[in-house]
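So the structure is just underneath, and the comments pick up after that.
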Amino acid sequence: MDAGKLHGRKSEEDAIAELLAGARAGTSSSLVLRGEPGIGKTALLDHAAATAGDMRLVRGTGVESEAELPFSGLQLLLRPALGSLAALPGPQREALEAAFGLGPAAGSEPMLVGLAVLSLLAEHAGETGLLCLVDDAQWLDRASRNALLFAARRLRAEGVVMIFAARDGEGSFPAPGLPESRLSGLAPEAAAALLDRHPLTPAVRYRLLAEAGGNPLALLELPVALAAEGGSAFSPGALPLTGRLRLAFHGQVSRMPEACQSLLLVAAADETGELAVILRAAAALGAAVEDLSPAERAGLVLRGDADDTTIRFRHPLIRAAVYQRAPLGQRLAAHRALAAALGSPEHADRRAWHLASAATGADEEAAAALERTAARARERSGHEAAAAAYERAARLSAEPAARAHREALAAEAALEAGDLERARALGGRAARRLDEAPTVNARIAQVRALADFWQGSYPSAHRLLLDGAGLVHDTDPGQAAGLLIQAVHTSWYLGERQLAATLDRLAALPLDDADPLAPAGSYLAHLDRGRSERPPPLGDTLAAMRRRGGAPDQALMILCGAALALGQDADAYELAVALAAEHRARGGAGRLPTALFFMVEGEVFTGRHLDALATATEALGLARDTGQRQWVSQFSSVLAYLDAARGEEAACRRNVEEGLAGATTGGISPGAPWAHWSLGLLDLGLGRAEAALARFERLTHEPMRHHICATRSTPDLVESAVRVGAPERAAEPLARFERWAESVRQPWADALVLRCRGLLAADDQAEAFYTAALELHDQDGRALEYARTALLYGEWLRRARRKAEARGPLNEALEVFDRLGMRPWAERTRGELTAAGAQGPRPAEGVAAGLTPQELQIARLAAQGLSNRDIAAQLFLSHRTVGYHLYKTYPKLGVASRSELKDFADRLGL
């Protein structure tokens, strides 16, 4: 549509002009247009295309009949950009080729396709920019929708504009995080201008304006219907505007010849617009290409823009009117004809869905075809499409066993797609049909449990996992072990008693020594606080598992968490880094946050706060982009801890609030332990020891007492108790911490025990504890813990009037606190130095202090020699965004080129 033909949309036109101007300047942006049918969304997309100038254009439309075919919408949209595929990194190119059926199924992570889309858009934008338009986005298949939204959220400096148009009330197009504009009806003046083209009496004109409510399509179409039907368009009886428009289109279709109506019905049932397929199917119903002419003359259908190989309805409501007005028998015949016309292998998925639409009862041919379609969709990471196909196949199955089997597959696919409610419902339905299949029942229990777990229903999830393990305890101990290892995770959120009971059941399994999960079970058994023997090194456990064939990622992730709980921080960090690297290489943005969480815990525990800030910030963004509330809670709370260390109270409390969100009956929010530790550390750092002690004491009770944060925060609790003059309140927690430290036998844990004893000791004994602790800290290399102990020792020396001796440890502590930006602790140390007769140096501005977490991460990778494209692949960004951040980073660091950045990497602490 020409820009001059729009009426009453000045503000929307200005907004689009601003987006296009930004793209020409190299800035990317996105926008979602929402509104009722006919409100003008498509007209605004046409306006954007007409005013894009020399920008490249890709345009697509969601197709309702293809909403269950994975990546169908994406393929139609990106067809003009496929010439840039060769420029993508190999894994991304292969994932996109597999998604589009242009290459073998790669079995890649779904988010790798989203990253490939981001890279492809950046490449295709070239120097002039790119406009990407998607109409009827509510009908995009889920795989296409997720990939496009993933790309849209990560646009920054590519010169790309993405505009989505989505209809209200039909389907859904959730796009959290993207700007939206909701279109309302035209103002009276603009609405009246649209009616000027029709000769109407004042009374009819007034009635039309009232009926249309400013809807442009209604203002254009209702006068036509009024003229054709002699006023019946305004017969008594209120109809919604959409229904009235469909009725108007219905009348136009009814005036077409019978053969034309048959051909239109086939086009409406198929909806892809492929004229060759439509004509083959229509021939079976007695219609030919010449029968299309009356509909073309009436403007009901239009030929494709580029050639005559496709047709499309002038408006989606016309298609709806054609399909809905046809009797059931005629609709079934159209779908049968289309299934027959789609006989070639490349059309197998479309054929399966038309067979299903033509079925009136159980139909094994259609069910089997849909099951094959589902399997293909799963191979291409189209899990939502796979779930829909399996579920429909189950409904068409004649045999109860086949129906239950397909429902179980549907439940698993729905879980993989993140559709938790659907997974739970399908799993429950399948479980009711499988009384004599324990292995399948156990799989279904696992699906239902994971659906419950990710929704925060920890007790229910735990029961399902235990029940599932019980079903196969004797017949398949390996499967039972997998379920119980996951139950260790669910029990972690329920309490120490539930954890111990789960570990007992895992230990009682009759596992074969050759089972790869046997070493994992033995390792996890050390989580039981009742055991005193030292756990084996995590590396030995992993080596034993590899000798037996390896283990699934889920088990490795749980071992990561267990290793941190057992004090094996270095081993846990090494495994987490390896898992994160694997997920990055596979494009596993959905699973990456789990590995990053264990990485960030390792970074916090070893005092690498700058690294932890970069890791947690990236992971929080990924968790939000992939809808993982569990990890949003966890990473928000970890960021709150880092805020607390820096004394940033407002930011800490904001992150704590998000970390504590989502708590359910019978469980805690995932981020609750970190959140309470964060608030306690904040209060302790700001001198509010009583408030801090109360926070830390909450961690000593169920259901958090066994959590890593409860253990690691014990030295903070002891310090708080001593500061308020109530050391007895630290007695039981410290005794528990000492038993734990004795069992894990790590030098840094022993050093923390010595620090606590120094705080509680009589004056003539404290020094020995502090100096022994500092010696162990020095051996272990944890600078922050050394600084915390050095501060306490310096304070003790100053109180003992040994001021000259106090200055040494206090200056050592101050250097660390300043370097980490821990302002409250640095100020406290400066105060002690002043009291000891010295002036502590003011903090020097670190060279990396002005970097954002993302800039820091990009600079670190660039300093390692990675190219912009390599960095982009690792961080799920476009290479242009990486270049943009480096361009901003260089002046902050005082370097002028990539080579200088690499040369000075050590000095910059990258």
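Within each chain, counting starts at residue 1; across the structure tokens, chains are named A, B, ... in the order shown, with ligands numbered 1 upward in that order.
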Within range 324-384 of chain A, find each residue whose DSSP state, derived from the backbone, is helix (DSSP H, G or I), and express the selection as a VMD selection string. chain A and resid 324 to 325 328 to 341 345 to 358 364 to 379 383 to 384
Tell me which of A:Asn146, A:Ser29, A:Thr829, A:Thr594 sits closest to Leu575 in chain A, counting only C-alpha atoms.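 When distances to Leu575 in chain A are compared using only C-alpha atoms, the smallest one comes from A:Thr594.
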Quick one: residues within 8 Å of Ala417 in chain A, only C-alpha atoms, excluding same-chain residues fewer than 6 positions away - as a list in words?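 Result of the neighbour search: Gly382, His383 and Glu384 of chain A.
The interatomic distance for the pair CA of Leu760 in chain A and CA of Ala730 in chain A works out to 9.3 Å.
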Just the residues within 6 Å of Ala461 in chain A, please, counting only C-alpha atoms, with nothing from its chain fewer than 6 positions along; format it as a tab-separated table (two decimals) with N, CA, C and O atoms, in the first residue's frame.
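Generated output (part.tsv):
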chain	number	residue	atom	x	y	z
A	449	ALA	N	6.89	-35.44	36.22
A	449	ALA	CA	7.67	-34.88	37.33
A	449	ALA	C	8.44	-33.64	36.89
A	449	ALA	O	8.45	-32.62	37.60
A	452	ASP	N	6.15	-30.73	36.54
A	452	ASP	CA	5.83	-30.18	37.86
A	452	ASP	C	7.01	-29.41	38.44
A	452	ASP	O	6.86	-28.32	39.01
A	453	PHE	N	8.20	-29.97	38.29
A	453	PHE	CA	9.39	-29.36	38.88
A	453	PHE	C	9.63	-27.97	38.30
A	453	PHE	O	9.87	-27.01	39.04
